[in-house]
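The block underneath contains the structure these notes are about, expressed in structure tokens.
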Amino acid sequence: MNWNSASDFFAMGGYGTYVWGAYVVTAVCMAIEPVVVALRHRRVRRELAAEEQRR
Amino acid sequence: MSTTFAVLVARDLRLAARRRIDVALPIAFFTVAVSLFPLGVGPEPQTLRQIAPGVVWVAALLAAMLSVTQLYATDLADGSLEQMLLVPDARLAIAAAKAASHWLVTGLPLVVAAPVFGLMFDLSREAIAALVASLVLGTPVLSLLGGLGAALTLGLRSGAVLLILIIVPLCIPALIFGAGAVAAVDAGQSARGHYSLLGAVLIFTAALAPIATAAALRIATE
Amino acid sequence: MTTATPRWSLYRFASPATFYPLAGKLVPWFAAVAAILAAWGLWLGMLRAPTDATQGDAYRIIFIHVPAAWMSMLLYVVMAFWAAIGWAFNARLASVVARAIAPTGAMFTFLALWTGAFWGKPTWGTWWVWDARLTSELILLFLYGGFLALVAAIDDPRRADRAGALLAIVGSVNIPIIYFSVVWWNTLHQGASVSPAMAPKMAAIMLQAMLLMTLSFWAYAFAVIFVRARAIALERDNAASWADAAVGRARPQTEAAT
């Protein structure tokens with residue numbers, strides 16, 4: 001383990017803002033994208049199924 | 001095919017002669033755009049001399065892109081483009097002819113007007129010569145790539161802005177080598193490398209862009 | 001007078017009816033692989049790898065910056081490839097896949113730029129530096145944007161597919177030229193102070209972590225792109241019978257398929 005404590009880990013040797021600024025945005029994007037895409041898929045399926053009721 | 005080419009270029013030049021406003025507008029835009037930079041950046045001659053190549057080149061690029069939608073728009077509107085495309089194997093000639101007439105009507109006047117702007121920015125004689133030379137080599141590239149963009153965006157509502165967005169990245173090498181040539185001469189160095197690269201870009205574009213444009217015309221009209 | 005298609009012909013996968021369920025089954029596996037590789041890669045890179053001598057711990061951004069940059073470039077080429085296949089063979093599903101790739105590719109390009117800026121600030125002193133690689137990455141973002149804008153602006157789906165394919169191919173051909181011109185531009189205008197060495201000398205563990213993260217991003221891309229492709233295929237083919245089966249609805253006997 002490279003770190004002596006959790007606070008050392010978050011501090012990243014003084015570069016915490018930069019490292020976490022990069023990692024957090026990346027994680028957020030890679031969390032949101034799958035959700036958006038899955039919602040799109042779900043919406044299409046729902047609309048197609050509903051279309052059948054109307055026929 | 002060369003007769004189709006010649007006929008089309010002659011036709012476009014005749015049309016341009018009748019609609020002189022269409023010819024004047026790109027030059028007017030170019031003039032206004034170039035003149036804005038000293039107003040925005042300040043009149044300090046040293047600064048202006050440094051930014052001149054970039055400013056002139058970027059303005060030339062934008063002027064070319066803004067005027068290139070006209071290439072096909074009027075012909076599409078009155079149906080003559082469809083007629084032209086009916087001629088078997090004419091697409092390549094049409095693409096090449098449109099790019100050539102665009103350059104004659106928009107690019108060539110820019111090249112002729114360039115020395116005036118060079119003086120406005122206090123460029124040296126050698127730098128002005130380099131500016132003209134780089135534009136001679138570079139503006140045909142802009143016309144060729146612009147023609148491709150115009151064919152891809154044929155008939156679309158968002159036309160000109162969309163065209164700028166998709167074509168400008170492709171123009172970046174020409175911009176870099178062209179403006180770089182002038183900057184090199186301004187700094188007292190040789191621009192030989194820049195001219196060679198710009199020439200290579202021109203040859204590459206002239207060989208391939210008409211083919212891509214012809215394909216784009218087919219995609220847009222079938 | 002029919003020739004039987006061999007059971008395992010590749011053409012089977014050109015049909016949405018085959019692709020849709022298959023992709024659906026694969027997505028969870030890709031997602032799981034992505035998560036596991038990311039956990040492993042981050043454990044190695046963030047917790048185990050030593051602090052760098054010159055850059056301190058700021059270098060750890062490399063474990064997401066480089067994978068994002070590689071993915072952004074790889075996905076563009078793959079997108080152009082499938083778009084070209086869709087155009088050449090009139091294979092609509094290939095075009096659908098190409099369109100599904102574009103947003104993810106653009107996202108990775110943005111992330112490469114963002115993480116690059118956050119790496120640049122502590123190491124070079126400014127948020128943005130016009131170095132050859134970052135500038136080329138910015139231009140790549142414009143190329144993705146152009147593709148997305150063009151296909152969005154064309155209403156007819158097949159014209160949009162083909163125009164996008166042509167633009168993607170033209171873009172791919174131009175990428176080496178653009179990169180070369182940007183490197184040239186950068187070396188000529190190199191300021192005395194700015195000489196960024198983006199990649200610190202790699203200890204084996206750093207390299208390992210970076211490779212794991214790259215593979216993780218690759219698996220992630222597969223998962224997201226497959227889901228998006230399924231959605232797009234349904235949107236386009238909404239009246240087809242395979243769509244009925246996919247969505248689980250019955251088609252009335254009297255209705256003719258459109």
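Letters for chains follow the order of the structure tokens (A, B, ...), residue numbers begin at 1 for each chain, and ligand numbers begin at 1 in the order shown.
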
- Item | Residue neighbourhood Arg43 (chain A), 12 Å, only C-alpha atoms, exclusion window fewer than 5 positions, as a list in words | Val36, Val37, Ala38, Leu48, Ala49 and Ala50 of chain A; Arg228, Arg230, Ala231, Ile232, Leu234, Glu235 and Val247 of chain C

Convert the current residue selection to file output with C-alpha atoms, as a PDB file, in the first residue's frame.
ATOM      1  CA  VAL A  36     -29.124   7.971 -20.160  1.00  0.00           C
ATOM      2  CA  VAL A  37     -28.722   5.254 -22.771  1.00  0.00           C
ATOM      3  CA  ALA A  38     -30.652   2.685 -20.742  1.00  0.00           C
ATOM      4  CA  LEU A  48     -43.543   0.483 -29.065  1.00  0.00           C
ATOM      5  CA  ALA A  49     -45.486  -1.683 -26.649  1.00  0.00           C
ATOM      6  CA  ALA A  50     -48.009   1.107 -26.094  1.00  0.00           C
TER       7      ALA A  50
ATOM      8  CA  ARG C 228     -27.538   2.501 -27.596  1.00  0.00           C
ATOM      9  CA  ARG C 230     -30.418  -1.576 -29.577  1.00  0.00           C
ATOM     10  CA  ALA C 231     -32.335   1.603 -28.841  1.00  0.00           C
ATOM     11  CA  ILE C 232     -31.561   3.160 -32.220  1.00  0.00           C
ATOM     12  CA  LEU C 234     -35.807  -0.162 -32.348  1.00  0.00           C
ATOM     13  CA  GLU C 235     -36.442   3.518 -33.047  1.00  0.00           C
ATOM     14  CA  VAL C 247     -40.711  -5.687 -27.284  1.00  0.00           C
TER      15      VAL C 247
END

Any idea which chain B residues end up within 7 Å of chain C if we count only C-alpha atoms, as a short mmCIF file (atom, residue, chain, number, x, y, z; two decimals) with N, CA and C atoms, in the first residue's frame please?
data_model
loop_
_atom_site.label_atom_id
_atom_site.label_comp_id
_atom_site.auth_asym_id
_atom_site.auth_seq_id
_atom_site.Cartn_x
_atom_site.Cartn_y
_atom_site.Cartn_z
N LEU B 152 -22.31 17.82 -49.05
CA LEU B 152 -22.80 17.02 -47.92
C LEU B 152 -24.03 17.65 -47.28
N LEU B 156 -29.98 21.34 -46.72
CA LEU B 156 -30.30 21.31 -45.29
C LEU B 156 -30.56 22.71 -44.76
N LEU B 165 -18.80 23.91 -39.32
CA LEU B 165 -18.46 22.97 -38.24
C LEU B 165 -17.80 21.71 -38.79
N ILE B 166 -18.29 21.19 -39.92
CA ILE B 166 -17.75 19.92 -40.38
C ILE B 166 -16.51 20.08 -41.25
N PRO B 169 -12.32 21.70 -39.40
CA PRO B 169 -11.21 20.85 -38.93
C PRO B 169 -10.33 20.34 -40.07
N LEU B 170 -10.95 20.07 -41.23
CA LEU B 170 -10.18 19.55 -42.35
C LEU B 170 -9.27 20.61 -42.95
N ILE B 172 -7.56 22.76 -41.25
CA ILE B 172 -6.52 23.17 -40.31
C ILE B 172 -5.10 22.99 -40.84
N PRO B 173 -4.76 21.88 -41.50
CA PRO B 173 -3.38 21.78 -42.03
C PRO B 173 -3.04 22.92 -42.98
N ILE B 176 -2.40 25.99 -40.96
CA ILE B 176 -1.14 25.96 -40.22
C ILE B 176 0.04 26.23 -41.16
N ALA B 216 -20.74 12.64 -52.44
CA ALA B 216 -21.67 13.39 -51.59
C ALA B 216 -22.87 13.87 -52.39
N ILE B 219 -25.18 10.98 -52.77
CA ILE B 219 -25.87 10.71 -51.51
C ILE B 219 -27.00 11.72 -51.30
N ALA B 220 -26.74 12.97 -51.64
CA ALA B 220 -27.70 14.01 -51.33
C ALA B 220 -28.89 14.03 -52.27
#

Return as a tab-separated table the residues of region 35-72 of chain B lying at most 12 Å from region 8-25 of chain B, together with the closest atom-to-atom pair for each and the distance in Å to one decimal, counting only C-alpha atoms, with rows in chain order and ascending residue number.
residue	atom	partner	partner_atom	distance
B:Ala63	CA	B:Leu25	CA	8.8
B:Ala64	CA	B:Leu25	CA	10.7
B:Leu66	CA	B:Leu25	CA	9.6
B:Ser67	CA	B:Asp22	CA	8.1
B:Val68	CA	B:Asp22	CA	10.6
B:Thr69	CA	B:Asp22	CA	11.3
B:Gln70	CA	B:Asp22	CA	8.4
B:Leu71	CA	B:Asp12	CA	8.9
B:Tyr72	CA	B:Asp12	CA	10.5

- Message: Which residues are near Val24 (chain A)? Cut-off 12 Å, only C-alpha atoms, ignore same chain within fewer than 5 positions. Put them as number ranges by chain.
- Response: A: 16-19, 29-31; C: 61, 64, 111, 114-115, 118

Kindly save the residues from that selection, with N, CA and C atoms included, as an mmCIF file, in the first residue's frame.
data_model
loop_
_atom_site.group_PDB
_atom_site.id
_atom_site.type_symbol
_atom_site.label_atom_id
_atom_site.label_comp_id
_atom_site.auth_asym_id
_atom_site.auth_seq_id
_atom_site.Cartn_x
_atom_site.Cartn_y
_atom_site.Cartn_z
ATOM 1 N N GLY A 16 -4.423 16.868 -4.549
ATOM 2 C CA GLY A 16 -5.763 16.303 -4.431
ATOM 3 C C GLY A 16 -6.794 16.937 -5.356
ATOM 4 N N THR A 17 -6.836 18.275 -5.388
ATOM 5 C CA THR A 17 -7.846 18.960 -6.219
ATOM 6 C C THR A 17 -7.775 18.475 -7.652
ATOM 7 N N TYR A 18 -6.538 18.367 -8.162
ATOM 8 C CA TYR A 18 -6.384 18.019 -9.566
ATOM 9 C C TYR A 18 -6.727 16.563 -9.828
ATOM 10 N N VAL A 19 -6.169 15.683 -9.009
ATOM 11 C CA VAL A 19 -6.413 14.256 -9.224
ATOM 12 C C VAL A 19 -7.895 13.941 -9.074
ATOM 13 N N CYS A 29 -19.308 11.118 -15.571
ATOM 14 C CA CYS A 29 -19.664 10.905 -16.974
ATOM 15 C C CYS A 29 -19.933 9.442 -17.259
ATOM 16 N N MET A 30 -19.066 8.571 -16.730
ATOM 17 C CA MET A 30 -19.209 7.147 -17.027
ATOM 18 C C MET A 30 -20.298 6.502 -16.194
ATOM 19 N N ALA A 31 -20.878 7.255 -15.270
ATOM 20 C CA ALA A 31 -22.056 6.753 -14.556
ATOM 21 C C ALA A 31 -23.322 7.252 -15.239
ATOM 22 N N ILE C 61 -3.290 10.765 -12.696
ATOM 23 C CA ILE C 61 -4.354 11.046 -13.662
ATOM 24 C C ILE C 61 -4.129 10.234 -14.935
ATOM 25 N N ILE C 64 -6.518 7.434 -16.088
ATOM 26 C CA ILE C 64 -7.763 7.657 -16.818
ATOM 27 C C ILE C 64 -7.541 8.501 -18.068
ATOM 28 N N LEU C 111 -13.360 13.673 -22.039
ATOM 29 C CA LEU C 111 -12.669 13.263 -20.811
ATOM 30 C C LEU C 111 -11.156 13.342 -20.978
ATOM 31 N N TRP C 114 -10.400 16.978 -20.569
ATOM 32 C CA TRP C 114 -10.608 17.427 -19.191
ATOM 33 C C TRP C 114 -9.491 16.921 -18.288
ATOM 34 N N THR C 115 -9.245 15.599 -18.348
ATOM 35 C CA THR C 115 -8.204 15.043 -17.484
ATOM 36 C C THR C 115 -6.837 15.576 -17.898
ATOM 37 N N PHE C 118 -6.492 18.923 -16.232
ATOM 38 C CA PHE C 118 -6.254 18.782 -14.797
ATOM 39 C C PHE C 118 -4.862 18.219 -14.518
#

- Query: Could you state the separation of CA of Thr4 (chain B) and CA of Ala93 (chain B) in Å, given to one decimal place?
  - Reply: 6.3 Å

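Rounded to one decimal, CA of Asp244 (chain C) and CA of Val96 (chain C) lie 18.7 Å from each other.
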
- Message: Distance cut-off 6 Å, counting only C-alpha atoms - which residues of chain A neighbour chain C? Return them as a list in words.
- Response: Met1, Asn2, Met12, Gly13, Tyr15, Tyr18, Val19, Ala22, Pro34, Val37, His41 and Arg45 of chain A

- Query: What lies within 9 Å of Leu110 (chain B) using only C-alpha atoms, ignoring chain neighbours under 6 positions off, as an MDAnalysis selection string?
  - Reply: chainID B and resid 26:27 30 60 132 135 139

- Task: Using backbone DSSP assignments, extract all alpha helix (DSSP H) residues from chain A; output them as a ChimeraX atom specification.
- Result: /A:6-11,16-54
